[in-house]
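Peer 1: Encoded as structure tokens, here's the structure I'll be asking about.
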Amino acid sequence: MHRRYISSQFKNIISKSLLIEPGPPAVYQLQTKNEDFGPLTKMTLGKKNLNKANRTVLLVGETGAGKSTIINSLVNHAMGVNYEDELWFQIVKDERRDQTESQTSDVVVYEIFGFEDQTLPFSLTIIDTPGFGDTRGIEKDIIVSQRLFDLFRSDEGINEIHAVGLVVKSTDNRVNDRLSYVFNSVMSLFGKNLEKSIVALITHSDGRAPKNVLQALEATHIKCAKNERNQPICFLFDNSQAEDRSEDEDFLKAADEISKKGMKAFTDFLERKSPQRLISTMDVLSERISLTSCIQNLQERILLSEQKERELKQTLDALKKQEDEMNKSHVVTVDVDVVYKEKEPLASKGFFRRNLFEKAMVCTICEENCHYPGCTLSRNPQRCEVIRNGHCTVCSGKCPASAHVKERWRYVTKTKKVKKTIEVQKKMLGEKVDPTTRDATLNRFYKQIDELKAEKVRLVLESYQHVMKLEDIALKADSVSTFVHMDFLIEKLKETGDTKKAGILEEIRSRMDAGTKLALDYMWAKTIGAE
């Protein structure tokens, strides 16, 4: 195949790039300026011109759907690369060529400057997220929302976006539990104001109308931008631009036309879109993080309460058995399972660069875990999502931020056999003994149990309020990330006697559609499989 003369517009770029494959097409890795802020990475190509417009795109989707190729395609389109140039530039590596890279990536921001008016009248900011629903488990997907929250609230981060691209393979032509889970996870991230900014980017397309994909999107109740026929707006792409052209040239050229047409339509959509502020989306992400933290803390506190109750019962049972000894002495020794807290190092899961930053935010006064996993952005506890107005919203004492630390350990509740020496009054269990004069140690036990139960009620109500706020602001409030806590909250509200609030949550639960049920089944299966 005859190689066309390389125009001057690409010579300077090629001189600063690394040749990956001689081609055709010749594939070059672009050299970018890389900056890390916390667990996030920013990769910049070119120099920003403040007088030029910019468009920001957030890409989300399943692992292996083709987000990396979409990003590379956007860059080549912005640079003005055509099929006849027999060139292809990569800013990220193709997932098909380097699965290892795609498996270890975190949220990355790509900035594309210096090509304004080449093809597009604006520069590009592209936010790439790790894929949902892969083999690394549900915890990884929870971290994605945390990383986006970090990005949106960071001083170096993003405060508005023009479009959310839901990347879907054209072969995803039917609804299943995995696809439902991916779509549901994506929808749970955003505020209501972003609904008309969400579009489908369909990869590996043959150029035909993606009827089956559209049906799958509608069946899972995706809230997104719609066309005049009330169908989800979508753009078609083939993923063959970087493939060897020594064979199947006619096919590859036709495939390039599909992508070129789809890219033109998508960037025209971007040009028309007004930016959407991320305040509502930040509120959604913050509420989901707080809800999860409250539930986790509540479950740990319930465990502590139950173990404390067992400790008290063992003490009472032992004292009853030693009633004769109690009549002879002021001191009784009993064997009990004593509850205590211990610091446990955090385990490294082996994925995400965020492991370098991952810490638990804990209260040193309450000895409780207030935020884990996901707490990474700053070493300062004041910056943690569960700290509001200078105080923690999760721990028992609602302690000030200064009482908290972020470290590579967390508190765990354990028990150990201990011989306990108790000073008692003679015949303390006799009917004539006034209960108020019973041993102070036992009274302290009773008081601790009452306090634990009162705190449990308060935390259940706080968790309920998080669900209610999500009802008001979230694009999809009734998502898997909410339903996963629903049965637990309903049970605990009924235990506290608040049947009215329990009934409200039961009504929300009754709205679960078939797609969300499939997604929830998938999540539970993945969770059980990871244990």
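How things are named: the first chain in the structure tokens is A, the next is B, and so on; residues count from 1 in each chain; ligands count from 1 in the order shown.
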For segment 44-46 of chain A, find every residue with an atom within 6 Å (counting only C-alpha atoms), except residues of its own chain fewer than 6 positions away, and show them as a list of chain:residue names.
Peer 2: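 Once the adjacent positions are removed, what remains is A:Thr32, A:Lys33, A:Tyr110, A:Glu111, A:Ile112, A:Phe113, A:Gly114.
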Peer 1: Among segment 385-528 of chain A, which residues does DSSP mark as alpha helix (DSSP H) when it is run on the backbone? Keep the chain and numbering as in the structure and answer as a PDB file with N, CA and C atoms, in the first residue's frame.
Peer 2:
ATOM      1  N   ALA A 440     -22.405  -1.449  91.301  1.00  0.00           N
ATOM      2  CA  ALA A 440     -22.231  -0.362  90.334  1.00  0.00           C
ATOM      3  C   ALA A 440     -21.740  -0.872  88.994  1.00  0.00           C
ATOM      4  N   THR A 441     -20.965  -1.945  89.030  1.00  0.00           N
ATOM      5  CA  THR A 441     -20.466  -2.501  87.776  1.00  0.00           C
ATOM      6  C   THR A 441     -21.607  -2.986  86.898  1.00  0.00           C
ATOM      7  N   LEU A 442     -22.573  -3.684  87.533  1.00  0.00           N
ATOM      8  CA  LEU A 442     -23.727  -4.160  86.765  1.00  0.00           C
ATOM      9  C   LEU A 442     -24.559  -2.992  86.266  1.00  0.00           C
ATOM     10  N   ASN A 443     -24.703  -1.960  87.072  1.00  0.00           N
ATOM     11  CA  ASN A 443     -25.448  -0.781  86.627  1.00  0.00           C
ATOM     12  C   ASN A 443     -24.787  -0.121  85.420  1.00  0.00           C
ATOM     13  N   ARG A 444     -23.457  -0.101  85.436  1.00  0.00           N
ATOM     14  CA  ARG A 444     -22.759   0.473  84.292  1.00  0.00           C
ATOM     15  C   ARG A 444     -23.007  -0.352  83.036  1.00  0.00           C
ATOM     16  N   PHE A 445     -23.072  -1.700  83.224  1.00  0.00           N
ATOM     17  CA  PHE A 445     -23.384  -2.557  82.082  1.00  0.00           C
ATOM     18  C   PHE A 445     -24.763  -2.214  81.514  1.00  0.00           C
ATOM     19  N   TYR A 446     -25.742  -2.103  82.401  1.00  0.00           N
ATOM     20  CA  TYR A 446     -27.092  -1.778  81.951  1.00  0.00           C
ATOM     21  C   TYR A 446     -27.117  -0.428  81.232  1.00  0.00           C
ATOM     22  N   LYS A 447     -26.415   0.526  81.776  1.00  0.00           N
ATOM     23  CA  LYS A 447     -26.379   1.857  81.173  1.00  0.00           C
ATOM     24  C   LYS A 447     -25.746   1.822  79.790  1.00  0.00           C
ATOM     25  N   GLN A 448     -24.657   1.054  79.663  1.00  0.00           N
ATOM     26  CA  GLN A 448     -23.991   0.944  78.360  1.00  0.00           C
ATOM     27  C   GLN A 448     -24.920   0.316  77.332  1.00  0.00           C
ATOM     28  N   ILE A 449     -25.654  -0.704  77.730  1.00  0.00           N
ATOM     29  CA  ILE A 449     -26.581  -1.361  76.804  1.00  0.00           C
ATOM     30  C   ILE A 449     -27.669  -0.386  76.372  1.00  0.00           C
ATOM     31  N   ASP A 450     -28.209   0.364  77.322  1.00  0.00           N
ATOM     32  CA  ASP A 450     -29.247   1.346  76.980  1.00  0.00           C
ATOM     33  C   ASP A 450     -28.708   2.400  76.021  1.00  0.00           C
ATOM     34  N   GLU A 451     -27.476   2.853  76.269  1.00  0.00           N
ATOM     35  CA  GLU A 451     -26.878   3.864  75.399  1.00  0.00           C
ATOM     36  C   GLU A 451     -26.664   3.309  73.998  1.00  0.00           C
ATOM     37  N   LEU A 452     -26.208   2.064  73.924  1.00  0.00           N
ATOM     38  CA  LEU A 452     -26.004   1.434  72.622  1.00  0.00           C
ATOM     39  C   LEU A 452     -27.319   1.326  71.863  1.00  0.00           C
ATOM     40  N   LYS A 453     -28.370   0.948  72.548  1.00  0.00           N
ATOM     41  CA  LYS A 453     -29.665   0.818  71.887  1.00  0.00           C
ATOM     42  C   LYS A 453     -30.189   2.175  71.420  1.00  0.00           C
ATOM     43  N   ALA A 454     -29.985   3.216  72.247  1.00  0.00           N
ATOM     44  CA  ALA A 454     -30.436   4.555  71.855  1.00  0.00           C
ATOM     45  C   ALA A 454     -29.676   5.051  70.641  1.00  0.00           C
ATOM     46  N   GLU A 455     -28.362   4.788  70.610  1.00  0.00           N
ATOM     47  CA  GLU A 455     -27.561   5.196  69.461  1.00  0.00           C
ATOM     48  C   GLU A 455     -27.971   4.434  68.212  1.00  0.00           C
ATOM     49  N   LYS A 456     -28.338   3.168  68.391  1.00  0.00           N
ATOM     50  CA  LYS A 456     -28.777   2.361  67.257  1.00  0.00           C
ATOM     51  C   LYS A 456     -30.039   2.961  66.632  1.00  0.00           C
ATOM     52  N   VAL A 457     -30.964   3.395  67.471  1.00  0.00           N
ATOM     53  CA  VAL A 457     -32.183   4.028  66.978  1.00  0.00           C
ATOM     54  C   VAL A 457     -31.848   5.300  66.207  1.00  0.00           C
ATOM     55  N   ARG A 458     -30.940   6.108  66.763  1.00  0.00           N
ATOM     56  CA  ARG A 458     -30.592   7.370  66.114  1.00  0.00           C
ATOM     57  C   ARG A 458     -29.933   7.136  64.757  1.00  0.00           C
ATOM     58  N   LEU A 459     -29.054   6.152  64.689  1.00  0.00           N
ATOM     59  CA  LEU A 459     -28.349   5.900  63.438  1.00  0.00           C
ATOM     60  C   LEU A 459     -29.301   5.332  62.380  1.00  0.00           C
ATOM     61  N   VAL A 460     -30.270   4.505  62.807  1.00  0.00           N
ATOM     62  CA  VAL A 460     -31.281   4.003  61.872  1.00  0.00           C
ATOM     63  C   VAL A 460     -32.054   5.171  61.266  1.00  0.00           C
ATOM     64  N   LEU A 461     -32.433   6.142  62.108  1.00  0.00           N
ATOM     65  CA  LEU A 461     -33.174   7.305  61.617  1.00  0.00           C
ATOM     66  C   LEU A 461     -32.312   8.154  60.681  1.00  0.00           C
ATOM     67  N   GLU A 462     -31.023   8.296  60.994  1.00  0.00           N
ATOM     68  CA  GLU A 462     -30.131   9.051  60.108  1.00  0.00           C
ATOM     69  C   GLU A 462     -30.010   8.361  58.751  1.00  0.00           C
ATOM     70  N   SER A 463     -29.896   7.045  58.756  1.00  0.00           N
ATOM     71  CA  SER A 463     -29.810   6.294  57.507  1.00  0.00           C
ATOM     72  C   SER A 463     -31.092   6.475  56.699  1.00  0.00           C
ATOM     73  N   TYR A 464     -32.206   6.473  57.373  1.00  0.00           N
ATOM     74  CA  TYR A 464     -33.495   6.696  56.708  1.00  0.00           C
ATOM     75  C   TYR A 464     -33.520   8.066  56.030  1.00  0.00           C
ATOM     76  N   GLN A 465     -33.000   9.092  56.696  1.00  0.00           N
ATOM     77  CA  GLN A 465     -32.989  10.437  56.128  1.00  0.00           C
ATOM     78  C   GLN A 465     -32.131  10.503  54.868  1.00  0.00           C
ATOM     79  N   HIS A 466     -31.026   9.761  54.818  1.00  0.00           N
ATOM     80  CA  HIS A 466     -30.190   9.717  53.612  1.00  0.00           C
ATOM     81  C   HIS A 466     -30.991   9.149  52.436  1.00  0.00           C
ATOM     82  N   VAL A 467     -31.768   8.094  52.695  1.00  0.00           N
ATOM     83  CA  VAL A 467     -32.597   7.503  51.636  1.00  0.00           C
ATOM     84  C   VAL A 467     -33.612   8.520  51.143  1.00  0.00           C
ATOM     85  N   MET A 468     -34.225   9.247  52.056  1.00  0.00           N
ATOM     86  CA  MET A 468     -35.243  10.235  51.682  1.00  0.00           C
ATOM     87  C   MET A 468     -34.644  11.371  50.852  1.00  0.00           C
ATOM     88  N   LYS A 469     -33.432  11.806  51.194  1.00  0.00           N
ATOM     89  CA  LYS A 469     -32.818  12.875  50.417  1.00  0.00           C
ATOM     90  C   LYS A 469     -32.495  12.396  49.010  1.00  0.00           C
ATOM     91  N   LEU A 470     -32.039  11.147  48.878  1.00  0.00           N
ATOM     92  CA  LEU A 470     -31.772  10.593  47.551  1.00  0.00           C
ATOM     93  C   LEU A 470     -33.045  10.555  46.711  1.00  0.00           C
ATOM     94  N   GLU A 471     -34.187  10.330  47.359  1.00  0.00           N
ATOM     95  CA  GLU A 471     -35.471  10.354  46.657  1.00  0.00           C
ATOM     96  C   GLU A 471     -35.683  11.699  45.970  1.00  0.00           C
ATOM     97  N   ASP A 472     -35.207  12.755  46.592  1.00  0.00           N
ATOM     98  CA  ASP A 472     -35.447  14.103  46.069  1.00  0.00           C
ATOM     99  C   ASP A 472     -34.465  14.502  44.966  1.00  0.00           C
ATOM    100  N   ILE A 473     -33.200  14.082  45.069  1.00  0.00           N
ATOM    101  CA  ILE A 473     -32.165  14.656  44.204  1.00  0.00           C
ATOM    102  C   ILE A 473     -31.566  13.692  43.190  1.00  0.00           C
ATOM    103  N   VAL A 480     -29.731  -0.035  42.878  1.00  0.00           N
ATOM    104  CA  VAL A 480     -29.155  -1.136  43.652  1.00  0.00           C
ATOM    105  C   VAL A 480     -28.435  -0.623  44.884  1.00  0.00           C
ATOM    106  N   SER A 481     -27.699   0.480  44.747  1.00  0.00           N
ATOM    107  CA  SER A 481     -26.920   0.995  45.865  1.00  0.00           C
ATOM    108  C   SER A 481     -27.806   1.448  47.024  1.00  0.00           C
ATOM    109  N   THR A 482     -29.091   1.689  46.758  1.00  0.00           N
ATOM    110  CA  THR A 482     -30.044   1.977  47.839  1.00  0.00           C
ATOM    111  C   THR A 482     -30.731   0.701  48.307  1.00  0.00           C
ATOM    112  N   PHE A 483     -31.203  -0.114  47.370  1.00  0.00           N
ATOM    113  CA  PHE A 483     -31.933  -1.328  47.724  1.00  0.00           C
ATOM    114  C   PHE A 483     -31.090  -2.316  48.526  1.00  0.00           C
ATOM    115  N   VAL A 484     -29.767  -2.275  48.354  1.00  0.00           N
ATOM    116  CA  VAL A 484     -28.915  -3.210  49.071  1.00  0.00           C
ATOM    117  C   VAL A 484     -29.038  -3.006  50.577  1.00  0.00           C
ATOM    118  N   HIS A 485     -29.437  -1.794  51.003  1.00  0.00           N
ATOM    119  CA  HIS A 485     -29.594  -1.502  52.429  1.00  0.00           C
ATOM    120  C   HIS A 485     -31.052  -1.555  52.890  1.00  0.00           C
ATOM    121  N   MET A 486     -31.999  -1.688  51.953  1.00  0.00           N
ATOM    122  CA  MET A 486     -33.394  -1.449  52.265  1.00  0.00           C
ATOM    123  C   MET A 486     -33.970  -2.435  53.289  1.00  0.00           C
ATOM    124  N   ASP A 487     -33.778  -3.742  53.082  1.00  0.00           N
ATOM    125  CA  ASP A 487     -34.345  -4.729  53.995  1.00  0.00           C
ATOM    126  C   ASP A 487     -33.790  -4.553  55.401  1.00  0.00           C
ATOM    127  N   PHE A 488     -32.499  -4.273  55.486  1.00  0.00           N
ATOM    128  CA  PHE A 488     -31.863  -4.074  56.787  1.00  0.00           C
ATOM    129  C   PHE A 488     -32.495  -2.882  57.504  1.00  0.00           C
ATOM    130  N   LEU A 489     -32.676  -1.758  56.793  1.00  0.00           N
ATOM    131  CA  LEU A 489     -33.256  -0.561  57.410  1.00  0.00           C
ATOM    132  C   LEU A 489     -34.711  -0.795  57.818  1.00  0.00           C
ATOM    133  N   ILE A 490     -35.473  -1.471  56.971  1.00  0.00           N
ATOM    134  CA  ILE A 490     -36.881  -1.741  57.289  1.00  0.00           C
ATOM    135  C   ILE A 490     -36.971  -2.579  58.560  1.00  0.00           C
ATOM    136  N   GLU A 491     -36.136  -3.604  58.653  1.00  0.00           N
ATOM    137  CA  GLU A 491     -36.131  -4.474  59.837  1.00  0.00           C
ATOM    138  C   GLU A 491     -35.814  -3.671  61.104  1.00  0.00           C
ATOM    139  N   LYS A 492     -34.779  -2.811  61.020  1.00  0.00           N
ATOM    140  CA  LYS A 492     -34.364  -2.058  62.201  1.00  0.00           C
ATOM    141  C   LYS A 492     -35.390  -0.989  62.589  1.00  0.00           C
ATOM    142  N   LEU A 493     -36.053  -0.373  61.598  1.00  0.00           N
ATOM    143  CA  LEU A 493     -37.100   0.594  61.903  1.00  0.00           C
ATOM    144  C   LEU A 493     -38.268  -0.091  62.615  1.00  0.00           C
ATOM    145  N   LYS A 494     -38.614  -1.290  62.191  1.00  0.00           N
ATOM    146  CA  LYS A 494     -39.689  -2.034  62.852  1.00  0.00           C
ATOM    147  C   LYS A 494     -39.291  -2.397  64.275  1.00  0.00           C
ATOM    148  N   GLU A 495     -38.009  -2.738  64.484  1.00  0.00           N
ATOM    149  CA  GLU A 495     -37.531  -3.060  65.827  1.00  0.00           C
ATOM    150  C   GLU A 495     -37.662  -1.856  66.759  1.00  0.00           C
ATOM    151  N   THR A 499     -43.155   2.058  62.621  1.00  0.00           N
ATOM    152  CA  THR A 499     -43.766   1.342  61.486  1.00  0.00           C
ATOM    153  C   THR A 499     -44.113   2.288  60.332  1.00  0.00           C
ATOM    154  N   LYS A 500     -44.303   3.583  60.626  1.00  0.00           N
ATOM    155  CA  LYS A 500     -44.638   4.541  59.570  1.00  0.00           C
ATOM    156  C   LYS A 500     -43.475   4.686  58.599  1.00  0.00           C
ATOM    157  N   LYS A 501     -42.278   4.927  59.123  1.00  0.00           N
ATOM    158  CA  LYS A 501     -41.104   5.068  58.254  1.00  0.00           C
ATOM    159  C   LYS A 501     -40.776   3.747  57.572  1.00  0.00           C
ATOM    160  N   ALA A 502     -40.956   2.638  58.290  1.00  0.00           N
ATOM    161  CA  ALA A 502     -40.733   1.321  57.679  1.00  0.00           C
ATOM    162  C   ALA A 502     -41.670   1.124  56.496  1.00  0.00           C
ATOM    163  N   GLY A 503     -42.924   1.600  56.644  1.00  0.00           N
ATOM    164  CA  GLY A 503     -43.890   1.483  55.557  1.00  0.00           C
ATOM    165  C   GLY A 503     -43.505   2.311  54.348  1.00  0.00           C
ATOM    166  N   ILE A 504     -42.923   3.497  54.581  1.00  0.00           N
ATOM    167  CA  ILE A 504     -42.467   4.344  53.468  1.00  0.00           C
ATOM    168  C   ILE A 504     -41.364   3.637  52.692  1.00  0.00           C
ATOM    169  N   LEU A 505     -40.421   3.023  53.401  1.00  0.00           N
ATOM    170  CA  LEU A 505     -39.339   2.301  52.724  1.00  0.00           C
ATOM    171  C   LEU A 505     -39.867   1.071  51.998  1.00  0.00           C
ATOM    172  N   GLU A 506     -40.867   0.417  52.572  1.00  0.00           N
ATOM    173  CA  GLU A 506     -41.468  -0.739  51.896  1.00  0.00           C
ATOM    174  C   GLU A 506     -42.143  -0.308  50.601  1.00  0.00           C
ATOM    175  N   GLU A 507     -42.724   0.891  50.589  1.00  0.00           N
ATOM    176  CA  GLU A 507     -43.341   1.404  49.354  1.00  0.00           C
ATOM    177  C   GLU A 507     -42.272   1.674  48.294  1.00  0.00           C
ATOM    178  N   ILE A 508     -41.140   2.243  48.724  1.00  0.00           N
ATOM    179  CA  ILE A 508     -40.036   2.477  47.788  1.00  0.00           C
ATOM    180  C   ILE A 508     -39.528   1.146  47.246  1.00  0.00           C
ATOM    181  N   ARG A 509     -39.396   0.173  48.119  1.00  0.00           N
ATOM    182  CA  ARG A 509     -38.919  -1.144  47.693  1.00  0.00           C
ATOM    183  C   ARG A 509     -39.878  -1.788  46.703  1.00  0.00           C
ATOM    184  N   SER A 510     -41.171  -1.524  46.849  1.00  0.00           N
ATOM    185  CA  SER A 510     -42.158  -2.131  45.953  1.00  0.00           C
ATOM    186  C   SER A 510     -42.045  -1.589  44.530  1.00  0.00           C
ATOM    187  N   ALA A 514     -38.039  -4.686  37.006  1.00  0.00           N
ATOM    188  CA  ALA A 514     -37.408  -5.963  36.669  1.00  0.00           C
ATOM    189  C   ALA A 514     -35.912  -5.801  36.443  1.00  0.00           C
ATOM    190  N   GLY A 515     -35.508  -4.684  35.814  1.00  0.00           N
ATOM    191  CA  GLY A 515     -34.093  -4.458  35.563  1.00  0.00           C
ATOM    192  C   GLY A 515     -33.301  -4.312  36.848  1.00  0.00           C
ATOM    193  N   THR A 516     -33.848  -3.567  37.818  1.00  0.00           N
ATOM    194  CA  THR A 516     -33.169  -3.387  39.099  1.00  0.00           C
ATOM    195  C   THR A 516     -33.101  -4.701  39.859  1.00  0.00           C
ATOM    196  N   LYS A 517     -34.146  -5.515  39.752  1.00  0.00           N
ATOM    197  CA  LYS A 517     -34.119  -6.826  40.426  1.00  0.00           C
ATOM    198  C   LYS A 517     -33.011  -7.700  39.844  1.00  0.00           C
ATOM    199  N   LEU A 518     -32.881  -7.689  38.512  1.00  0.00           N
ATOM    200  CA  LEU A 518     -31.791  -8.440  37.891  1.00  0.00           C
ATOM    201  C   LEU A 518     -30.434  -7.927  38.366  1.00  0.00           C
ATOM    202  N   ALA A 519     -30.314  -6.604  38.445  1.00  0.00           N
ATOM    203  CA  ALA A 519     -29.056  -5.998  38.881  1.00  0.00           C
ATOM    204  C   ALA A 519     -28.736  -6.378  40.319  1.00  0.00           C
ATOM    205  N   LEU A 520     -29.758  -6.386  41.178  1.00  0.00           N
ATOM    206  CA  LEU A 520     -29.551  -6.739  42.581  1.00  0.00           C
ATOM    207  C   LEU A 520     -29.146  -8.206  42.718  1.00  0.00           C
ATOM    208  N   ASP A 521     -29.775  -9.076  41.920  1.00  0.00           N
ATOM    209  CA  ASP A 521     -29.402 -10.495  41.926  1.00  0.00           C
ATOM    210  C   ASP A 521     -27.940 -10.666  41.522  1.00  0.00           C
ATOM    211  N   TYR A 522     -27.523  -9.890  40.509  1.00  0.00           N
ATOM    212  CA  TYR A 522     -26.134  -9.968  40.041  1.00  0.00           C
ATOM    213  C   TYR A 522     -25.177  -9.516  41.147  1.00  0.00           C
ATOM    214  N   MET A 523     -25.536  -8.414  41.828  1.00  0.00           N
ATOM    215  CA  MET A 523     -24.673  -7.886  42.884  1.00  0.00           C
ATOM    216  C   MET A 523     -24.510  -8.893  44.018  1.00  0.00           C
ATOM    217  N   TRP A 524     -25.629  -9.507  44.443  1.00  0.00           N
ATOM    218  CA  TRP A 524     -25.542 -10.478  45.530  1.00  0.00           C
ATOM    219  C   TRP A 524     -24.719 -11.690  45.111  1.00  0.00           C
ATOM    220  N   ALA A 525     -24.884 -12.126  43.874  1.00  0.00           N
ATOM    221  CA  ALA A 525     -24.106 -13.269  43.384  1.00  0.00           C
ATOM    222  C   ALA A 525     -22.615 -12.948  43.381  1.00  0.00           C
ATOM    223  N   LYS A 526     -22.254 -11.734  42.941  1.00  0.00           N
ATOM    224  CA  LYS A 526     -20.850 -11.328  42.931  1.00  0.00           C
ATOM    225  C   LYS A 526     -20.311 -11.207  44.347  1.00  0.00           C
ATOM    226  N   THR A 527     -21.145 -10.696  45.262  1.00  0.00           N
ATOM    227  CA  THR A 527     -20.706 -10.525  46.647  1.00  0.00           C
ATOM    228  C   THR A 527     -20.441 -11.870  47.305  1.00  0.00           C
ATOM    229  N   ILE A 528     -21.376 -12.818  47.104  1.00  0.00           N
ATOM    230  CA  ILE A 528     -21.209 -14.152  47.684  1.00  0.00           C
ATOM    231  C   ILE A 528     -20.001 -14.851  47.067  1.00  0.00           C
TER     232      ILE A 528
END
Peer 1: If we count only C-alpha atoms, what is near Ile14 of chain A at a cut-off of 9 Å, once residues fewer than 2 positions away on the same chain are taken out, given as a short mmCIF file (atom, residue, chain, number, x, y, z; two decimals) with C-alpha atoms, in the first residue's frame?
Peer 2:
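Output (around-v8.cif):
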data_model
loop_
_atom_site.label_atom_id
_atom_site.label_comp_id
_atom_site.auth_asym_id
_atom_site.auth_seq_id
_atom_site.Cartn_x
_atom_site.Cartn_y
_atom_site.Cartn_z
CA PHE A 10 1.31 15.89 12.02
CA LYS A 11 5.12 16.01 11.69
CA ASN A 12 5.58 18.00 14.88
CA LYS A 16 7.24 14.04 20.06
CA SER A 17 5.47 10.65 20.01
CA LEU A 18 6.55 7.04 20.36
CA LEU A 19 6.05 4.71 17.38
CA TYR A 28 1.96 6.45 17.75
CA GLN A 29 1.72 6.83 21.51
CA LEU A 30 1.22 10.48 22.36
CA PHE A 89 -2.54 8.36 17.65
#
Peer 1: Can you list, as a ChimeraX atom specification, all residues belonging to segment 32-98 of chain A that DSSP tags as strand (DSSP E or B)?
Peer 2: /A:33-37,40-45,53-62,87-90
Peer 1: What's around segment 167-184 of chain A at 9 Å? Count only C-alpha atoms, leave out sequence neighbours fewer than 3 positions away in its own chain, and write the answer as a compact mmCIF listing (two decimals) with C-alpha atoms, in the first residue's frame.
Peer 2:
# COMPACT_ATOMS: atom_id res chain seq x y z
CA LEU A 59 -17.36 8.15 29.93
CA VAL A 60 -18.88 5.28 31.91
CA GLY A 61 -19.69 1.69 31.09
CA GLU A 62 -18.79 -1.93 31.41
CA GLY A 64 -14.20 -4.01 27.86
CA ALA A 65 -16.95 -1.94 26.25
CA GLY A 66 -14.39 0.17 24.36
CA LYS A 67 -14.01 3.40 26.36
CA ILE A 70 -13.62 6.10 22.09
CA GLY A 131 -15.34 -0.34 33.97
CA PHE A 132 -18.27 -1.57 36.03
CA GLY A 133 -19.09 -5.20 36.69
CA MET A 187 -27.58 5.78 36.75
CA SER A 188 -27.07 5.83 40.52
CA VAL A 199 -26.25 9.51 25.63
CA ALA A 200 -25.31 6.03 24.45
CA LEU A 201 -22.02 5.51 22.58
CA ILE A 202 -22.40 2.17 20.84
CA THR A 203 -19.12 0.46 19.92
CA HIS A 204 -18.31 -2.40 17.52
CA SER A 205 -21.23 -1.21 15.39
CA ASP A 206 -21.91 -2.29 11.80
CA PRO A 210 -29.08 -0.67 17.04
CA LYS A 211 -32.64 -1.82 17.70
CA ASN A 212 -31.73 -4.53 20.20
CA VAL A 213 -29.44 -2.24 22.21
CA LEU A 214 -32.13 0.44 22.31
CA GLN A 215 -34.63 -2.14 23.54
CA ALA A 216 -32.17 -3.21 26.25
CA LEU A 217 -31.71 0.42 27.34
CA ALA A 219 -36.06 -2.35 29.30
CA THR A 220 -33.66 -1.32 32.07
CA HIS A 221 -35.40 2.08 32.39
CA ILE A 222 -32.34 4.13 31.53
CA LEU A 236 -22.42 4.53 16.46
CA LYS A 476 -32.26 7.07 40.01
CA SER A 479 -31.09 1.93 42.54
CA VAL A 480 -29.16 -1.14 43.65
CA SER A 481 -26.92 0.99 45.86
CA GLY A 515 -34.09 -4.46 35.56
CA THR A 516 -33.17 -3.39 39.10
CA LYS A 517 -34.12 -6.83 40.43
CA LEU A 518 -31.79 -8.44 37.89
CA ALA A 519 -29.06 -6.00 38.88
CA LEU A 520 -29.55 -6.74 42.58
CA ASP A 521 -29.40 -10.49 41.93
CA TYR A 522 -26.13 -9.97 40.04
CA MET A 523 -24.67 -7.89 42.88
Peer 1: If I take atom CA of Leu189 of chain A and atom CA of Glu160 of chain A, how far is one from the other in Å, to one decimal?
Peer 2: 14.4 Å
Peer 1: Nearest residue to Val394 of chain A out of A:Arg245, A:Arg301, A:Lys341, A:Lys192, using only C-alpha atoms?
Peer 2: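 Of the candidates, the smallest distance to Val394 of chain A is held by A:Arg301.
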Peer 1: How far is it from atom CA of Pro25 of chain A to atom CA of Asp128 of chain A, in Å with one decimal?
Peer 2: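 Between atom CA of Pro25 of chain A and atom CA of Asp128 of chain A the gap is 25.0 Å.
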Peer 1: As an exercise, work out the distance from atom CA of Ile161 of chain A to atom CA of Gln241 of chain A in Å and give it to one decimal place.
Peer 2: 27.1 Å
